[in-house]
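Visitor: Here you go, this is start00.txt (compact mmCIF, N, CA and C atoms).
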# COMPACT_ATOMS: atom_id res chain seq x y z
N MET T 22 0.83 -1.19 0.00
CA MET T 22 0.00 0.00 0.00
C MET T 22 0.87 1.24 0.00
N THR T 23 0.33 2.31 -0.56
CA THR T 23 1.07 3.55 -0.66
C THR T 23 0.83 4.38 0.58
N ALA T 24 1.93 4.81 1.20
CA ALA T 24 1.83 5.59 2.43
C ALA T 24 1.12 6.91 2.17
N GLY T 25 0.22 7.28 3.06
CA GLY T 25 -0.45 8.56 2.97
C GLY T 25 -1.66 8.58 2.04
N HIS T 26 -1.91 7.51 1.33
CA HIS T 26 -3.06 7.47 0.44
C HIS T 26 -4.22 6.81 1.15
N PRO T 27 -5.43 7.33 0.95
CA PRO T 27 -6.59 6.67 1.57
C PRO T 27 -6.80 5.29 0.96
N VAL T 28 -7.29 4.38 1.78
CA VAL T 28 -7.54 3.01 1.36
C VAL T 28 -9.03 2.81 1.15
N VAL T 29 -9.38 2.27 -0.02
CA VAL T 29 -10.77 1.92 -0.31
C VAL T 29 -10.85 0.41 -0.41
N LEU T 30 -11.65 -0.19 0.45
CA LEU T 30 -11.86 -1.63 0.43
C LEU T 30 -12.99 -1.92 -0.55
N ILE T 31 -12.72 -2.79 -1.52
CA ILE T 31 -13.68 -3.11 -2.57
C ILE T 31 -14.17 -4.54 -2.37
N VAL T 32 -15.48 -4.68 -2.16
CA VAL T 32 -16.10 -5.98 -1.99
C VAL T 32 -17.04 -6.19 -3.17
N ASP T 33 -16.51 -6.83 -4.21
CA ASP T 33 -17.27 -7.06 -5.44
C ASP T 33 -16.72 -8.33 -6.08
N PRO T 34 -17.56 -9.34 -6.33
CA PRO T 34 -17.06 -10.60 -6.86
C PRO T 34 -16.73 -10.55 -8.36
N ASN T 35 -17.17 -9.51 -9.06
CA ASN T 35 -16.94 -9.43 -10.49
C ASN T 35 -15.51 -8.97 -10.78
N GLU T 36 -14.73 -9.83 -11.42
CA GLU T 36 -13.32 -9.54 -11.67
C GLU T 36 -13.12 -8.29 -12.53
N THR T 37 -13.95 -8.13 -13.56
CA THR T 37 -13.84 -6.97 -14.44
C THR T 37 -14.15 -5.69 -13.69
N THR T 38 -15.20 -5.71 -12.90
CA THR T 38 -15.56 -4.53 -12.11
C THR T 38 -14.44 -4.16 -11.15
N ARG T 39 -13.90 -5.16 -10.45
CA ARG T 39 -12.79 -4.88 -9.53
C ARG T 39 -11.60 -4.27 -10.26
N PHE T 40 -11.24 -4.83 -11.40
CA PHE T 40 -10.08 -4.34 -12.16
C PHE T 40 -10.29 -2.88 -12.58
N VAL T 41 -11.43 -2.59 -13.20
CA VAL T 41 -11.70 -1.23 -13.68
C VAL T 41 -11.75 -0.26 -12.51
N LEU T 42 -12.47 -0.61 -11.46
CA LEU T 42 -12.60 0.27 -10.30
C LEU T 42 -11.25 0.52 -9.64
N CYS T 43 -10.45 -0.53 -9.49
CA CYS T 43 -9.11 -0.37 -8.90
C CYS T 43 -8.25 0.57 -9.74
N GLU T 44 -8.28 0.41 -11.04
CA GLU T 44 -7.48 1.28 -11.92
C GLU T 44 -7.91 2.74 -11.81
N LEU T 45 -9.21 2.98 -11.84
CA LEU T 45 -9.70 4.35 -11.76
C LEU T 45 -9.37 4.98 -10.40
N LEU T 46 -9.49 4.21 -9.34
CA LEU T 46 -9.17 4.74 -8.01
C LEU T 46 -7.68 5.01 -7.87
N ARG T 47 -6.83 4.12 -8.39
CA ARG T 47 -5.38 4.36 -8.35
C ARG T 47 -5.03 5.67 -9.04
N ARG T 48 -5.63 5.91 -10.20
CA ARG T 48 -5.38 7.15 -10.95
C ARG T 48 -5.81 8.39 -10.18
N SER T 49 -6.71 8.19 -9.22
CA SER T 49 -7.22 9.29 -8.40
C SER T 49 -6.44 9.45 -7.11
N GLY T 50 -5.37 8.66 -6.93
CA GLY T 50 -4.54 8.79 -5.74
C GLY T 50 -5.05 8.01 -4.55
N VAL T 51 -5.85 7.00 -4.81
CA VAL T 51 -6.42 6.16 -3.76
C VAL T 51 -5.79 4.78 -3.84
N THR T 52 -5.64 4.11 -2.71
CA THR T 52 -5.14 2.75 -2.69
C THR T 52 -6.32 1.79 -2.57
N PRO T 53 -6.68 1.12 -3.68
CA PRO T 53 -7.78 0.16 -3.61
C PRO T 53 -7.29 -1.21 -3.15
N VAL T 54 -8.09 -1.88 -2.34
CA VAL T 54 -7.78 -3.23 -1.88
C VAL T 54 -9.06 -4.06 -2.02
N ALA T 55 -8.98 -5.14 -2.78
CA ALA T 55 -10.14 -6.02 -2.96
C ALA T 55 -10.17 -7.08 -1.87
N ALA T 56 -11.37 -7.43 -1.44
CA ALA T 56 -11.54 -8.50 -0.45
C ALA T 56 -12.85 -9.22 -0.74
N GLY T 57 -12.85 -10.51 -0.49
CA GLY T 57 -14.08 -11.28 -0.60
C GLY T 57 -15.00 -10.97 0.56
N ALA T 58 -16.25 -11.26 0.40
CA ALA T 58 -17.25 -10.95 1.43
C ALA T 58 -16.92 -11.60 2.77
N ARG T 59 -16.33 -12.80 2.73
CA ARG T 59 -16.04 -13.53 3.97
C ARG T 59 -14.93 -12.85 4.78
N LEU T 60 -14.01 -12.16 4.12
CA LEU T 60 -12.89 -11.52 4.82
C LEU T 60 -13.03 -10.01 4.93
N ALA T 61 -14.05 -9.45 4.33
CA ALA T 61 -14.15 -8.00 4.23
C ALA T 61 -14.18 -7.30 5.58
N SER T 62 -14.93 -7.82 6.53
CA SER T 62 -15.02 -7.16 7.84
C SER T 62 -13.66 -7.08 8.51
N ARG T 63 -12.93 -8.19 8.49
CA ARG T 63 -11.60 -8.21 9.11
C ARG T 63 -10.65 -7.28 8.37
N ARG T 64 -10.69 -7.29 7.03
CA ARG T 64 -9.79 -6.44 6.24
C ARG T 64 -10.10 -4.96 6.47
N ALA T 65 -11.36 -4.61 6.63
CA ALA T 65 -11.74 -3.21 6.87
C ALA T 65 -11.09 -2.69 8.14
N VAL T 66 -11.08 -3.52 9.18
CA VAL T 66 -10.48 -3.13 10.45
C VAL T 66 -8.95 -3.11 10.34
N GLU T 67 -8.37 -4.16 9.77
CA GLU T 67 -6.91 -4.24 9.62
C GLU T 67 -6.34 -3.07 8.83
N LEU T 68 -7.04 -2.69 7.78
CA LEU T 68 -6.54 -1.65 6.88
C LEU T 68 -6.92 -0.24 7.31
N SER T 69 -7.80 -0.12 8.30
CA SER T 69 -8.38 1.17 8.64
C SER T 69 -8.90 1.83 7.36
N ALA T 70 -9.73 1.10 6.66
CA ALA T 70 -10.24 1.54 5.37
C ALA T 70 -10.90 2.91 5.49
N SER T 71 -10.58 3.79 4.55
CA SER T 71 -11.17 5.12 4.52
C SER T 71 -12.59 5.07 4.00
N VAL T 72 -12.84 4.18 3.05
CA VAL T 72 -14.18 3.96 2.48
C VAL T 72 -14.30 2.48 2.17
N ILE T 73 -15.50 1.94 2.33
CA ILE T 73 -15.78 0.56 1.95
C ILE T 73 -16.81 0.60 0.83
N TYR T 74 -16.49 -0.05 -0.30
CA TYR T 74 -17.42 -0.16 -1.41
C TYR T 74 -17.92 -1.61 -1.47
N ILE T 75 -19.24 -1.78 -1.58
CA ILE T 75 -19.83 -3.12 -1.61
C ILE T 75 -20.84 -3.23 -2.75
N ASP T 76 -20.75 -4.33 -3.49
CA ASP T 76 -21.80 -4.68 -4.44
C ASP T 76 -22.84 -5.43 -3.62
N ALA T 77 -23.92 -4.75 -3.28
CA ALA T 77 -24.93 -5.33 -2.39
C ALA T 77 -25.67 -6.49 -3.02
N ASP T 78 -25.70 -6.54 -4.35
CA ASP T 78 -26.40 -7.65 -5.00
C ASP T 78 -25.59 -8.94 -4.92
N ALA T 79 -24.33 -8.86 -4.55
CA ALA T 79 -23.46 -10.03 -4.53
C ALA T 79 -23.21 -10.58 -3.13
N VAL T 80 -23.74 -9.91 -2.10
CA VAL T 80 -23.55 -10.40 -0.73
C VAL T 80 -24.92 -10.58 -0.08
N SER T 81 -24.96 -11.42 0.92
CA SER T 81 -26.22 -11.64 1.64
C SER T 81 -26.55 -10.40 2.48
N ASP T 82 -27.81 -10.29 2.86
CA ASP T 82 -28.23 -9.17 3.72
C ASP T 82 -27.45 -9.19 5.04
N ALA T 83 -27.20 -10.37 5.56
CA ALA T 83 -26.47 -10.47 6.83
C ALA T 83 -25.04 -9.94 6.68
N VAL T 84 -24.37 -10.30 5.60
CA VAL T 84 -23.00 -9.81 5.37
C VAL T 84 -23.02 -8.30 5.17
N LEU T 85 -23.99 -7.81 4.41
CA LEU T 85 -24.09 -6.37 4.18
C LEU T 85 -24.28 -5.63 5.50
N GLN T 86 -25.19 -6.10 6.33
CA GLN T 86 -25.43 -5.45 7.62
C GLN T 86 -24.18 -5.52 8.51
N GLU T 87 -23.46 -6.63 8.47
CA GLU T 87 -22.22 -6.75 9.24
C GLU T 87 -21.20 -5.71 8.78
N LEU T 88 -21.05 -5.56 7.46
CA LEU T 88 -20.10 -4.58 6.93
C LEU T 88 -20.51 -3.14 7.26
N VAL T 89 -21.80 -2.87 7.24
CA VAL T 89 -22.27 -1.54 7.62
C VAL T 89 -21.92 -1.28 9.09
N GLY T 90 -22.09 -2.30 9.94
CA GLY T 90 -21.73 -2.17 11.35
C GLY T 90 -20.25 -1.97 11.56
N VAL T 91 -19.43 -2.72 10.82
CA VAL T 91 -17.98 -2.57 10.92
C VAL T 91 -17.57 -1.17 10.46
N ALA T 92 -18.15 -0.71 9.36
CA ALA T 92 -17.84 0.62 8.85
C ALA T 92 -18.15 1.69 9.89
N ALA T 93 -19.27 1.53 10.58
CA ALA T 93 -19.63 2.49 11.62
C ALA T 93 -18.63 2.43 12.77
N GLY T 94 -18.16 1.22 13.10
CA GLY T 94 -17.20 1.06 14.19
C GLY T 94 -15.85 1.67 13.91
N VAL T 95 -15.43 1.64 12.65
CA VAL T 95 -14.13 2.23 12.29
C VAL T 95 -14.33 3.59 11.63
N THR T 96 -15.54 4.11 11.72
CA THR T 96 -15.93 5.41 11.16
C THR T 96 -15.55 5.57 9.69
N SER T 97 -15.79 4.53 8.93
CA SER T 97 -15.55 4.58 7.49
C SER T 97 -16.88 4.77 6.77
N PRO T 98 -16.95 5.73 5.85
CA PRO T 98 -18.15 5.80 5.02
C PRO T 98 -18.25 4.53 4.17
N ILE T 99 -19.45 4.23 3.74
CA ILE T 99 -19.66 3.04 2.94
C ILE T 99 -20.45 3.43 1.69
N VAL T 100 -20.02 2.90 0.55
CA VAL T 100 -20.72 3.12 -0.72
C VAL T 100 -21.26 1.77 -1.14
N VAL T 101 -22.57 1.71 -1.33
CA VAL T 101 -23.24 0.46 -1.66
C VAL T 101 -23.85 0.60 -3.05
N ALA T 102 -23.55 -0.36 -3.93
CA ALA T 102 -24.15 -0.38 -5.27
C ALA T 102 -25.11 -1.56 -5.33
N GLY T 103 -26.25 -1.35 -5.97
CA GLY T 103 -27.21 -2.44 -6.09
C GLY T 103 -28.44 -2.04 -6.88
N THR T 104 -29.28 -3.01 -7.10
CA THR T 104 -30.53 -2.76 -7.81
C THR T 104 -31.64 -2.37 -6.85
N ASN T 105 -31.48 -2.67 -5.57
CA ASN T 105 -32.42 -2.30 -4.51
C ASN T 105 -31.64 -1.71 -3.36
N ARG T 106 -32.33 -0.99 -2.50
CA ARG T 106 -31.66 -0.43 -1.33
C ARG T 106 -31.89 -1.40 -0.15
N PRO T 107 -30.92 -2.31 0.09
CA PRO T 107 -31.13 -3.33 1.10
C PRO T 107 -30.75 -2.92 2.52
N ILE T 108 -30.51 -1.62 2.75
CA ILE T 108 -30.15 -1.16 4.08
C ILE T 108 -31.05 0.00 4.46
N GLU T 109 -31.03 0.33 5.71
CA GLU T 109 -31.85 1.44 6.19
C GLU T 109 -31.39 2.74 5.54
N PRO T 110 -32.30 3.51 4.95
CA PRO T 110 -31.90 4.77 4.32
C PRO T 110 -31.32 5.76 5.32
N SER T 111 -31.63 5.59 6.58
CA SER T 111 -31.12 6.52 7.59
C SER T 111 -29.74 6.13 8.11
N SER T 112 -29.18 5.03 7.61
CA SER T 112 -27.86 4.60 8.08
C SER T 112 -26.85 5.70 7.81
N ARG T 113 -26.13 6.09 8.84
CA ARG T 113 -25.17 7.18 8.71
C ARG T 113 -23.96 6.72 7.92
N GLY T 114 -23.47 7.61 7.08
CA GLY T 114 -22.26 7.33 6.33
C GLY T 114 -22.45 6.38 5.17
N VAL T 115 -23.71 6.14 4.76
CA VAL T 115 -23.98 5.20 3.66
C VAL T 115 -24.45 5.98 2.44
N THR T 116 -23.78 5.74 1.31
CA THR T 116 -24.17 6.30 0.02
C THR T 116 -24.61 5.14 -0.85
N PHE T 117 -25.76 5.29 -1.50
CA PHE T 117 -26.27 4.22 -2.36
C PHE T 117 -26.13 4.63 -3.81
N VAL T 118 -25.64 3.71 -4.65
CA VAL T 118 -25.51 3.92 -6.08
C VAL T 118 -26.35 2.84 -6.76
N ARG T 119 -27.36 3.29 -7.50
CA ARG T 119 -28.25 2.34 -8.16
C ARG T 119 -27.60 1.76 -9.41
N LYS T 120 -27.76 0.45 -9.59
CA LYS T 120 -27.29 -0.22 -10.81
C LYS T 120 -28.36 -0.13 -11.87
N PRO T 121 -28.00 -0.07 -13.11
CA PRO T 121 -26.63 0.00 -13.62
C PRO T 121 -26.07 1.40 -13.41
N TYR T 122 -24.79 1.49 -13.18
CA TYR T 122 -24.13 2.77 -12.95
C TYR T 122 -23.02 2.95 -13.98
N HIS T 123 -22.56 4.16 -14.10
CA HIS T 123 -21.38 4.47 -14.91
C HIS T 123 -20.22 4.56 -13.94
N PHE T 124 -19.08 3.99 -14.30
CA PHE T 124 -17.93 3.99 -13.39
C PHE T 124 -17.55 5.40 -12.95
N ARG T 125 -17.72 6.37 -13.82
CA ARG T 125 -17.39 7.76 -13.46
C ARG T 125 -18.21 8.19 -12.25
N ASP T 126 -19.51 7.87 -12.27
CA ASP T 126 -20.38 8.24 -11.16
C ASP T 126 -20.00 7.50 -9.88
N LEU T 127 -19.69 6.21 -10.02
CA LEU T 127 -19.30 5.42 -8.85
C LEU T 127 -18.02 5.96 -8.23
N VAL T 128 -17.02 6.22 -9.05
CA VAL T 128 -15.75 6.74 -8.53
C VAL T 128 -15.97 8.11 -7.88
N HIS T 129 -16.78 8.93 -8.50
CA HIS T 129 -17.07 10.25 -7.93
C HIS T 129 -17.70 10.11 -6.53
N LYS T 130 -18.65 9.18 -6.38
CA LYS T 130 -19.30 8.98 -5.07
C LYS T 130 -18.29 8.47 -4.04
N ILE T 131 -17.39 7.58 -4.46
CA ILE T 131 -16.37 7.07 -3.54
C ILE T 131 -15.45 8.21 -3.12
N LEU T 132 -14.99 9.02 -4.07
CA LEU T 132 -14.11 10.14 -3.74
C LEU T 132 -14.83 11.17 -2.88
N ALA T 133 -16.09 11.41 -3.16
CA ALA T 133 -16.87 12.34 -2.33
C ALA T 133 -16.99 11.82 -0.91
N SER T 134 -17.11 10.49 -0.75
CA SER T 134 -17.18 9.89 0.58
C SER T 134 -15.88 10.08 1.35
N LEU T 135 -14.77 10.17 0.60
CA LEU T 135 -13.48 10.44 1.23
C LEU T 135 -13.36 11.88 1.68
N GLY T 136 -14.25 12.72 1.16
CA GLY T 136 -14.16 14.13 1.49
C GLY T 136 -13.33 14.91 0.50
N GLY T 137 -12.81 14.21 -0.53
CA GLY T 137 -11.97 14.87 -1.52
C GLY T 137 -12.77 15.62 -2.56
N GLY T 138 -13.94 15.06 -2.91
CA GLY T 138 -14.79 15.72 -3.88
C GLY T 138 -14.14 15.96 -5.22
N ALA T 139 -13.19 15.12 -5.64
CA ALA T 139 -12.54 15.30 -6.93
C ALA T 139 -13.56 15.23 -8.04
N ALA T 140 -13.31 16.01 -9.06
CA ALA T 140 -14.22 16.02 -10.22
C ALA T 140 -14.21 14.68 -10.89
N PRO T 141 -15.37 14.16 -11.33
CA PRO T 141 -15.40 12.86 -11.96
C PRO T 141 -14.55 12.81 -13.23
N GLU T 142 -14.34 13.96 -13.89
CA GLU T 142 -13.50 13.97 -15.08
C GLU T 142 -12.07 13.58 -14.71
N GLN T 143 -11.62 14.02 -13.54
CA GLN T 143 -10.28 13.67 -13.08
C GLN T 143 -10.23 12.20 -12.67
N ALA T 144 -11.28 11.73 -12.04
CA ALA T 144 -11.29 10.38 -11.52
C ALA T 144 -11.34 9.34 -12.62
N ALA T 145 -12.07 9.62 -13.68
CA ALA T 145 -12.27 8.60 -14.71
C ALA T 145 -11.73 9.03 -16.06
N ALA T 146 -10.68 9.80 -16.02
CA ALA T 146 -10.09 10.28 -17.28
C ALA T 146 -9.53 9.16 -18.09
Go ahead and express the file in the form of structure tokens.
Guide:
Amino acid sequence: MTAGHPVVLIVDPNETTRFVLCELLRRSGVTPVAAGARLASRRAVELSASVIYIDADAVSDAVLQELVGVAAGVTSPIVVAGTNRPIEPSSRGVTFVRKPYHFRDLVHKILASLGGGAAPEQAAA
């Protein structure tokens, strides 16, 4: 990992999505780290993840709720992508991205969750 760069934990089983998202985040000065759903909670704590991104359609409701709880415990914002909103809309620090999405929009929401607010043109150039 690169020192001083925020870490984004990516929980998405789709290899292509992980690859594209990791590349776009690296270009934006972020250190992306992929983890499977079974290890994501532990990795979020170990890495002190700045943001956690989850494909909600690919994990069970129980795993999603566990990750939301972990994110709250380590005060990490969470970005959830899915076709439905499977979490409480009032959950603090949760941003929902409806599928299908454009990677530019997803990266912008992740960067905004970091507090950087980088322009999506910079993030997905």
Visitor: If I put a ball of radius 8 Å at (-25.6, 5.6, -1.0) in the file's coordinates, which residues poke into it when counting only C-alpha atoms, written as a list in words?
Guide: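 Those residues, ordered by chain and then number, are Ile99, Val100, Val101, Ala102, Val115, Thr116, Phe117 and Val118 of chain T.
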Visitor: Suppose you want the space between CA of Asp78 (chain T) and atom C of Arg48 (chain T); what is it in Å?
Guide: 26.6 Å
Visitor: Taking only chain T into account, list the residues labelled strand (DSSP E or B) by DSSP (computed from the backbone), as a ChimeraX atom specification.
Guide: /T:28-32,52-55,72-76,99-103,115-119
Visitor: Go through T:Val32, T:Val89, T:Val41, T:Val95 one by one, measure the shortest atom-to-atom distance of each to Ala70 (chain T) using all atoms listed in the file, and give the residue with the smallest value.
Guide: T:Val95
Visitor: Go through T:Leu60, T:Ala79, T:Val66, T:Val28 and flag the residue nearest Asn105 (chain T), using only C-alpha atoms for the distances.
Guide: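 Nearest to Asn105 (chain T): T:Ala79.
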Visitor: Return the single residue from T:Gly136, T:Ile31, T:Ser81, T:Tyr122 that is closest to Val54 (chain T), with distances computed using only N, CA and C atoms.
Guide: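 So, comparing all the options, the nearest one is T:Ile31.
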